[in-house]
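Novice: Dropping in structure-v7.cif, with mmCIF, C-alpha atoms.
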data_model
#
loop_
_atom_site.label_atom_id
_atom_site.label_comp_id
_atom_site.auth_asym_id
_atom_site.auth_seq_id
_atom_site.Cartn_x
_atom_site.Cartn_y
_atom_site.Cartn_z
CA MET A 1 26.18 -213.02 -102.29
CA ARG A 2 28.10 -210.03 -103.57
CA ASP A 3 28.46 -211.65 -106.98
CA GLN A 4 24.72 -212.27 -107.02
CA LYS A 5 23.98 -208.61 -106.20
CA LYS A 6 26.52 -207.45 -108.75
CA TYR A 7 24.89 -209.66 -111.35
CA SER A 8 21.46 -208.37 -110.33
CA ASN A 9 22.52 -204.75 -110.71
CA LYS A 10 24.02 -205.39 -114.13
CA THR A 11 20.86 -207.21 -115.17
CA LYS A 12 18.75 -204.24 -114.10
CA ALA A 13 21.03 -201.87 -115.98
CA ALA A 14 20.90 -204.02 -119.12
CA PHE A 15 17.10 -204.24 -118.91
CA ILE A 16 16.76 -200.47 -118.54
CA LEU A 17 19.22 -199.98 -121.40
CA LEU A 18 17.18 -202.31 -123.60
CA ILE A 19 13.93 -200.45 -122.88
CA VAL A 20 15.42 -197.02 -123.51
CA MET A 21 17.15 -198.18 -126.69
CA LEU A 22 13.82 -199.57 -127.92
CA ILE A 23 12.11 -196.24 -127.21
CA ILE A 24 14.88 -194.35 -129.01
CA LEU A 25 14.72 -196.79 -131.94
CA LEU A 26 10.97 -196.28 -132.30
CA GLY A 27 11.47 -192.52 -131.98
CA ASN A 28 14.11 -192.54 -134.72
CA PHE A 29 11.84 -194.55 -137.00
CA ASN A 30 9.04 -192.05 -136.48
CA THR A 31 11.45 -189.14 -137.01
CA LEU A 32 12.64 -190.59 -140.31
CA ARG A 33 9.06 -191.04 -141.47
CA ASN A 34 8.18 -187.47 -140.50
CA SER A 35 11.31 -186.17 -142.23
CA LYS A 36 10.22 -187.92 -145.41
CA ASN A 37 6.79 -186.28 -145.14
CA VAL A 38 8.39 -182.88 -144.55
CA ASN A 39 10.52 -183.37 -147.66
CA GLU A 40 7.46 -184.36 -149.70
CA ASN A 41 5.55 -181.28 -148.50
CA ILE A 42 8.45 -178.97 -149.35
CA ASN A 43 8.78 -180.54 -152.81
CA ALA A 44 5.01 -180.18 -153.28
CA ILE A 45 5.22 -176.49 -152.39
CA TYR A 46 7.78 -176.03 -155.16
CA LYS A 47 6.53 -178.43 -157.83
CA ASP A 48 2.79 -178.04 -157.44
CA ARG A 49 2.49 -174.51 -156.04
CA LEU A 50 5.33 -172.22 -157.12
CA VAL A 51 5.56 -173.77 -160.60
CA VAL A 52 1.80 -173.55 -161.07
CA ALA A 53 1.87 -169.94 -159.86
CA HIS A 54 4.34 -169.24 -162.70
CA TYR A 55 1.97 -170.86 -165.22
CA ILE A 56 -0.94 -168.79 -163.91
CA PHE A 57 1.15 -165.65 -164.33
CA GLN A 58 1.93 -166.61 -167.94
CA TYR A 59 -1.75 -167.33 -168.60
CA SER A 60 -2.74 -163.99 -167.15
CA LYS A 61 -0.14 -162.15 -169.22
CA GLN A 62 -1.36 -163.69 -172.48
CA LEU A 63 -5.05 -163.17 -171.69
CA HIS A 64 -4.53 -159.51 -170.87
CA PHE A 65 -2.90 -159.19 -174.27
CA ILE A 66 -5.84 -160.92 -176.02
CA LYS A 67 -8.35 -158.71 -174.20
CA ALA A 68 -6.40 -155.56 -175.09
CA GLU A 69 -6.15 -156.61 -178.76
CA ALA A 70 -9.86 -157.40 -178.97
CA GLU A 71 -10.77 -153.98 -177.55
CA LYS A 72 -8.56 -151.98 -179.92
CA LEU A 73 -10.64 -149.97 -182.35
CA ASP A 74 -7.80 -148.85 -184.65
CA LEU A 75 -6.61 -152.37 -185.49
CA SER A 76 -7.76 -154.32 -188.55
CA ASP A 77 -9.68 -157.55 -188.08
CA ASN A 78 -7.00 -159.65 -189.79
CA ILE A 79 -4.23 -158.33 -187.55
CA LYS A 80 -6.37 -158.90 -184.46
CA LYS A 81 -7.17 -162.41 -185.60
CA ASN A 82 -3.53 -163.33 -186.28
CA GLU A 83 -2.31 -161.85 -183.00
CA ILE A 84 -4.96 -163.59 -180.93
CA ILE A 85 -4.49 -166.96 -182.66
CA HIS A 86 -0.74 -166.76 -182.04
CA THR A 87 -1.35 -165.92 -178.38
CA LEU A 88 -3.80 -168.81 -178.03
CA ASP A 89 -1.07 -171.16 -179.31
CA ILE A 90 1.18 -169.94 -176.48
CA ILE A 91 -1.64 -170.58 -174.00
CA HIS A 92 -2.22 -174.10 -175.34
CA ASN A 93 1.48 -174.90 -174.85
CA ILE A 94 1.13 -173.93 -171.19
CA ASP A 95 -1.97 -176.16 -170.91
CA ASP A 96 0.12 -179.31 -171.33
CA LEU A 97 2.55 -178.24 -168.61
CA TYR A 98 -0.20 -177.20 -166.21
CA ALA A 99 -2.09 -180.47 -166.68
CA LYS A 100 1.00 -182.46 -165.60
CA THR A 101 1.03 -180.86 -162.15
CA VAL A 102 -0.80 -182.37 -159.18
CA LEU A 103 -4.21 -180.69 -158.96
CA THR A 104 -6.91 -181.07 -156.35
CA ASN A 105 -10.49 -181.75 -157.45
CA LYS A 106 -11.39 -178.10 -156.86
CA GLU A 107 -8.40 -176.95 -158.91
CA LYS A 108 -9.38 -179.29 -161.75
CA GLN A 109 -12.87 -177.81 -161.70
CA TYR A 110 -11.57 -174.26 -162.09
CA PHE A 111 -8.98 -175.35 -164.65
CA ASP A 112 -11.70 -176.97 -166.77
CA ALA A 113 -13.70 -173.72 -166.58
CA PHE A 114 -10.61 -171.84 -167.69
CA LEU A 115 -10.12 -174.17 -170.66
CA SER A 116 -13.76 -173.66 -171.63
CA SER A 117 -13.24 -169.89 -171.70
CA CYS A 118 -10.18 -170.35 -173.92
CA LYS A 119 -12.17 -172.59 -176.29
CA GLU A 120 -14.84 -169.92 -176.45
CA ILE A 121 -12.20 -167.33 -177.36
CA ASN A 122 -10.86 -169.61 -180.08
CA LYS A 123 -14.35 -170.11 -181.46
CA GLN A 124 -15.17 -166.39 -181.51
CA VAL A 125 -11.90 -165.51 -183.27
CA GLU A 126 -13.16 -167.15 -186.45
CA ASN A 127 -16.35 -165.10 -186.20
CA LYS A 128 -14.35 -161.96 -185.39
CA ASN A 129 -16.64 -161.32 -182.45
CA TRP A 130 -14.28 -159.04 -180.56
CA ASN A 131 -16.73 -158.04 -177.83
CA GLN A 132 -17.37 -161.68 -176.96
CA ILE A 133 -13.62 -162.37 -177.01
CA ALA A 134 -13.01 -159.51 -174.56
CA SER A 135 -15.81 -160.84 -172.32
CA SER A 136 -14.48 -164.41 -172.40
CA SER A 137 -10.97 -163.15 -171.65
CA ALA A 138 -12.24 -161.26 -168.62
CA GLN A 139 -14.04 -164.41 -167.42
CA ALA A 140 -10.89 -166.50 -167.89
CA LEU A 141 -8.91 -163.94 -165.88
CA LYS A 142 -11.40 -164.22 -163.01
CA THR A 143 -11.02 -168.00 -163.08
CA LEU A 144 -7.24 -167.60 -162.94
CA GLU A 145 -7.60 -165.34 -159.91
CA ALA A 146 -9.65 -168.02 -158.18
CA LEU A 147 -7.02 -170.64 -159.08
CA SER A 148 -4.32 -168.39 -157.68
CA GLN A 149 -6.16 -168.07 -154.36
CA ILE A 150 -6.51 -171.85 -154.18
CA GLN A 151 -2.78 -172.21 -154.81
CA ILE A 152 -1.99 -169.80 -151.98
CA LYS A 153 -4.24 -171.69 -149.54
CA GLU A 154 -2.81 -175.06 -150.57
CA GLY A 155 0.74 -173.73 -150.24
CA LYS A 156 0.03 -172.38 -146.75
CA ALA A 157 -1.50 -175.72 -145.74
CA LYS A 158 1.56 -177.63 -146.97
CA LEU A 159 3.89 -175.21 -145.21
CA SER A 160 1.95 -175.47 -141.94
CA SER A 161 2.06 -179.25 -142.15
CA ALA A 162 5.82 -179.20 -142.78
CA ASN A 163 6.40 -176.85 -139.83
CA ALA A 164 4.27 -179.03 -137.54
CA MET A 165 6.26 -182.12 -138.51
CA TYR A 166 9.53 -180.25 -137.98
CA ASN A 167 8.45 -179.18 -134.48
CA LYS A 168 7.41 -182.75 -133.70
CA ASN A 169 10.78 -184.08 -134.89
CA ASN A 170 12.54 -181.45 -132.78
CA SER A 171 10.58 -182.47 -129.68
CA LEU A 172 11.30 -186.14 -130.29
CA GLY A 173 15.00 -185.37 -130.65
CA GLN A 174 15.02 -183.55 -127.31
CA LEU A 175 13.15 -186.45 -125.69
CA GLN A 176 15.71 -188.93 -127.01
CA ILE A 177 18.57 -186.82 -125.61
CA ALA A 178 16.81 -186.67 -122.23
CA LEU A 179 16.33 -190.45 -122.24
CA LEU A 180 19.99 -190.98 -122.99
CA ILE A 181 20.97 -188.71 -120.10
CA ILE A 182 18.63 -190.56 -117.75
CA LEU A 183 19.96 -193.88 -118.99
CA GLY A 184 23.53 -192.77 -118.39
CA GLY A 185 22.70 -191.62 -114.88
CA ILE A 186 20.93 -194.86 -113.94
CA THR A 187 23.66 -197.01 -115.44
CA PHE A 188 26.33 -194.98 -113.63
CA TYR A 189 24.47 -195.40 -110.36
CA LEU A 190 23.87 -199.14 -110.69
CA LEU A 191 27.29 -200.14 -111.98
CA ILE A 192 29.64 -197.67 -110.29
CA VAL A 193 28.17 -195.87 -107.29
CA LYS A 194 26.70 -198.98 -105.67
CA LYS A 195 29.91 -200.86 -106.35
CA ILE A 196 31.89 -198.17 -104.51
CA LYS A 197 29.47 -198.31 -101.59
CA ARG A 198 29.98 -202.05 -101.26
CA LYS A 199 33.74 -201.58 -101.02
CA ILE A 200 33.46 -199.26 -98.01
CA LYS A 201 33.99 -201.33 -94.84
CA ILE A 202 31.70 -200.56 -91.96
CA PRO A 203 33.71 -200.70 -88.70
CA GLU A 204 32.63 -203.42 -86.31
CA PRO A 205 31.32 -202.40 -82.87
CA PRO A 206 33.94 -202.67 -80.04
CA SER A 207 34.03 -205.96 -78.25
CA MET A 208 32.61 -205.96 -74.69
CA ASN A 209 35.15 -208.57 -73.62
#
Is it possible to give me this structure as structure tokens?

Specialist:
Amino acid sequence: MRDQKKYSNKTKAAFILLIVMLIILLGNFNTLRNSKNVNENINAIYKDRLVVAHYIFQYSKQLHFIKAEAEKLDLSDNIKKNEIIHTLDIIHNIDDLYAKTVLTNKEKQYFDAFLSSCKEINKQVENKNWNQIASSSAQALKTLEALSQIQIKEGKAKLSSANAMYNKNNSLGQLQIALLIILGGITFYLLIVKKIKRKIKIPEPPSMN
């Protein structure tokens, strides 16, 4: 009978161990998946937000220069034309880099509007229409400002998502530790404490004879 009880207790402990290990295994799988998502979000913040922010800064710098050159009254038309064409070449080089980044549909819409403004500037350079160039430059700068705001919102969204996943992973880790502690306590009780209790002999009542 004692062997049967001992076997029963060990079976219970093994069954509980199996269930808890399964829960921990599923939790670890979910944690690994969340960690991958966190890593992707962090990489996206760098590759598709900070890098793009640098491109926007470069765009803005070159457009401010074009606008300033177009508005100068003491500069000859040929010098203005050469300076602006050279600056447009710099902008076009950035276009290729910007287009390789991951853009949302809204970002693509604003980026296309920006490219249209740059094409308009390039067209007006040949006509030496400096007022129109200054106007198109100002419009392109406004579009860049809108793009910058989108980048900030997207970056905040990615960061919030990464933080939420981190907090979830942290909670799951604490749950797994708690389950292990509970498992250890139950196993200790079933395999050790009850075994000790069985070894304690209960004194028999005194004989009436």

Novice: If you measure from atom CA of A:Thr101 to atom CA of A:His86, what distance in Å do you get, rounded to one decimal?

Specialist: 24.4 Å

Novice: Which residues are near A:Trp130? Cut-off 9 Å, only C-alpha atoms, ignore same chain within fewer than 2 positions. Put them as a list of chain:residue names.

Specialist: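 Close residues of A:Trp130: A:Lys67, A:Glu69, A:Ala70, A:Glu71, A:Asp77, A:Lys80, A:Gln124, A:Val125, A:Asn127, A:Lys128, A:Gln132, A:Ile133, A:Ala134, A:Ser135.
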
Novice: Kindly resolve the PyMOL selection byres ((chain A and resi 150) around 12) on the present coordinates and return the residues as a list in words.

Specialist: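 Output of the PyMOL selection byres ((chain A and resi 150) around 12): Asp48, Arg49, Val52, Ala53, Ile56, Leu103, Thr104, Asn105, Lys106, Glu107, Lys108, Gln109, Tyr110, Phe111, Thr143, Leu144, Glu145, Ala146, Leu147, Ser148, Gln149, Gln151, Ile152, Lys153, Glu154, Gly155, Lys156 and Ala157 of chain A.
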
Novice: Could you check which of A:Asn167, A:Ser60, A:Thr87, A:Gln176 is closest to A:Leu141, using all atoms listed in the file?

Specialist: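 Closest to A:Leu141 of all the choices is A:Ser60.
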
Novice: Atom CA of A:Ile121 and atom CA of A:Val102, how far apart in Å?

Specialist: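 If I compute the distance from atom CA of A:Val102 to atom CA of A:Ile121, I get 26.2 Å.
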
Novice: Taking all atoms listed in the file into account, which of A:Leu172, A:Ala138, A:Ile182, A:Ile66 comes nearest A:Leu26?

Specialist: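 Using all atoms listed in the file, A:Leu26 sits closest to A:Leu172.
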
Novice: With distances taken over all atoms listed in the file, which residue among A:Cys118, A:Lys72, A:Lys168, A:Leu183 lies nearest A:Phe15?

Specialist: A:Leu183

Novice: Nearest to A:Ala99 among A:Val51, A:Gly185, A:Ser117, A:Glu83, with distances taken over all atoms listed in the file: which residue is it?

Specialist: A:Val51

Novice: Find, counting only C-alpha atoms, the residue in A:Asp74, A:Ile94, A:Asn129, A:Gln139 that gets nearest to A:Ser116.

Specialist: A:Gln139

Novice: Determine the residue set returned by the PyMOL selection byres ((chain A and resi 91) around 12) for the present structure, and present it as a ChimeraX atom specification.

Specialist: /A:55-66,84-90,92-98,114-115,117-119,121-122,140

Novice: Would you work out the distance separating atom CA of A:Lys123 from atom CA of A:His54, expressed in Å to one decimal?

Specialist: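 Atom CA of A:Lys123 sits 26.5 Å away from atom CA of A:His54.
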
Novice: Because some atoms of stretch 146-174 of chain A are absent here, can you restore N, CA and C atoms and send them as an mmCIF file, in the frame of the given file?

Specialist:
data_model
loop_
_atom_site.group_PDB
_atom_site.id
_atom_site.type_symbol
_atom_site.label_atom_id
_atom_site.label_comp_id
_atom_site.auth_asym_id
_atom_site.auth_seq_id
_atom_site.Cartn_x
_atom_site.Cartn_y
_atom_site.Cartn_z
ATOM 1 N N ALA A 146 -9.161 -167.019 -159.123
ATOM 2 C CA ALA A 146 -9.650 -168.020 -158.180
ATOM 3 C C ALA A 146 -8.643 -169.159 -158.020
ATOM 4 N N LEU A 147 -8.052 -169.597 -159.132
ATOM 5 C CA LEU A 147 -7.020 -170.640 -159.080
ATOM 6 C C LEU A 147 -5.821 -170.184 -158.257
ATOM 7 N N SER A 148 -5.449 -168.934 -158.417
ATOM 8 C CA SER A 148 -4.320 -168.390 -157.680
ATOM 9 C C SER A 148 -4.584 -168.408 -156.176
ATOM 10 N N GLN A 149 -5.804 -168.047 -155.775
ATOM 11 C CA GLN A 149 -6.160 -168.070 -154.360
ATOM 12 C C GLN A 149 -6.122 -169.493 -153.799
ATOM 13 N N ILE A 150 -6.572 -170.450 -154.601
ATOM 14 C CA ILE A 150 -6.510 -171.850 -154.180
ATOM 15 C C ILE A 150 -5.063 -172.279 -153.983
ATOM 16 N N GLN A 151 -4.199 -171.870 -154.909
ATOM 17 C CA GLN A 151 -2.780 -172.210 -154.810
ATOM 18 C C GLN A 151 -2.163 -171.650 -153.529
ATOM 19 N N ILE A 152 -2.532 -170.427 -153.193
ATOM 20 C CA ILE A 152 -1.990 -169.800 -151.980
ATOM 21 C C ILE A 152 -2.437 -170.573 -150.738
ATOM 22 N N LYS A 153 -3.730 -170.940 -150.689
ATOM 23 C CA LYS A 153 -4.240 -171.690 -149.540
ATOM 24 C C LYS A 153 -3.584 -173.058 -149.437
ATOM 25 N N GLU A 154 -3.438 -173.735 -150.573
ATOM 26 C CA GLU A 154 -2.810 -175.060 -150.570
ATOM 27 C C GLU A 154 -1.350 -174.956 -150.137
ATOM 28 N N GLY A 155 -0.663 -173.927 -150.622
ATOM 29 C CA GLY A 155 0.740 -173.730 -150.240
ATOM 30 C C GLY A 155 0.885 -173.476 -148.751
ATOM 31 N N LYS A 156 -0.008 -172.658 -148.185
ATOM 32 C CA LYS A 156 0.030 -172.380 -146.750
ATOM 33 C C LYS A 156 -0.237 -173.650 -145.943
ATOM 34 N N ALA A 157 -1.177 -174.471 -146.439
ATOM 35 C CA ALA A 157 -1.500 -175.720 -145.740
ATOM 36 C C ALA A 157 -0.297 -176.663 -145.736
ATOM 37 N N LYS A 158 0.374 -176.779 -146.879
ATOM 38 C CA LYS A 158 1.560 -177.630 -146.970
ATOM 39 C C LYS A 158 2.669 -177.117 -146.058
ATOM 40 N N LEU A 159 2.845 -175.795 -146.037
ATOM 41 C CA LEU A 159 3.890 -175.210 -145.210
ATOM 42 C C LEU A 159 3.594 -175.416 -143.724
ATOM 43 N N SER A 160 2.332 -175.253 -143.339
ATOM 44 C CA SER A 160 1.950 -175.470 -141.940
ATOM 45 C C SER A 160 2.180 -176.912 -141.527
ATOM 46 N N SER A 161 1.850 -177.835 -142.426
ATOM 47 C CA SER A 161 2.060 -179.250 -142.150
ATOM 48 C C SER A 161 3.542 -179.567 -141.990
ATOM 49 N N ALA A 162 4.373 -178.980 -142.867
ATOM 50 C CA ALA A 162 5.820 -179.200 -142.780
ATOM 51 C C ALA A 162 6.388 -178.637 -141.485
ATOM 52 N N ASN A 163 5.921 -177.455 -141.084
ATOM 53 C CA ASN A 163 6.400 -176.850 -139.830
ATOM 54 C C ASN A 163 5.976 -177.678 -138.623
ATOM 55 N N ALA A 164 4.750 -178.207 -138.654
ATOM 56 C CA ALA A 164 4.270 -179.030 -137.540
ATOM 57 C C ALA A 164 5.106 -180.303 -137.407
ATOM 58 N N MET A 165 5.433 -180.915 -138.535
ATOM 59 C CA MET A 165 6.260 -182.120 -138.510
ATOM 60 C C MET A 165 7.677 -181.806 -138.026
ATOM 61 N N TYR A 166 8.189 -180.649 -138.435
ATOM 62 C CA TYR A 166 9.530 -180.250 -137.980
ATOM 63 C C TYR A 166 9.547 -180.067 -136.461
ATOM 64 N N ASN A 167 8.522 -179.397 -135.934
ATOM 65 C CA ASN A 167 8.450 -179.180 -134.480
ATOM 66 C C ASN A 167 8.320 -180.508 -133.735
ATOM 67 N N LYS A 168 7.563 -181.438 -134.320
ATOM 68 C CA LYS A 168 7.410 -182.750 -133.700
ATOM 69 C C LYS A 168 8.748 -183.489 -133.688
ATOM 70 N N ASN A 169 9.465 -183.439 -134.821
ATOM 71 C CA ASN A 169 10.780 -184.080 -134.890
ATOM 72 C C ASN A 169 11.742 -183.466 -133.882
ATOM 73 N N ASN A 170 11.672 -182.141 -133.725
ATOM 74 C CA ASN A 170 12.540 -181.450 -132.780
ATOM 75 C C ASN A 170 12.252 -181.890 -131.349
ATOM 76 N N SER A 171 10.966 -182.027 -131.026
ATOM 77 C CA SER A 171 10.580 -182.470 -129.680
ATOM 78 C C SER A 171 11.025 -183.904 -129.418
ATOM 79 N N LEU A 172 10.864 -184.751 -130.431
ATOM 80 C CA LEU A 172 11.300 -186.140 -130.290
ATOM 81 C C LEU A 172 12.807 -186.232 -130.089
ATOM 82 N N GLY A 173 13.541 -185.383 -130.806
ATOM 83 C CA GLY A 173 15.000 -185.370 -130.650
ATOM 84 C C GLY A 173 15.398 -184.965 -129.241
ATOM 85 N N GLN A 174 14.723 -183.960 -128.680
ATOM 86 C CA GLN A 174 15.020 -183.550 -127.310
ATOM 87 C C GLN A 174 14.654 -184.643 -126.304
#
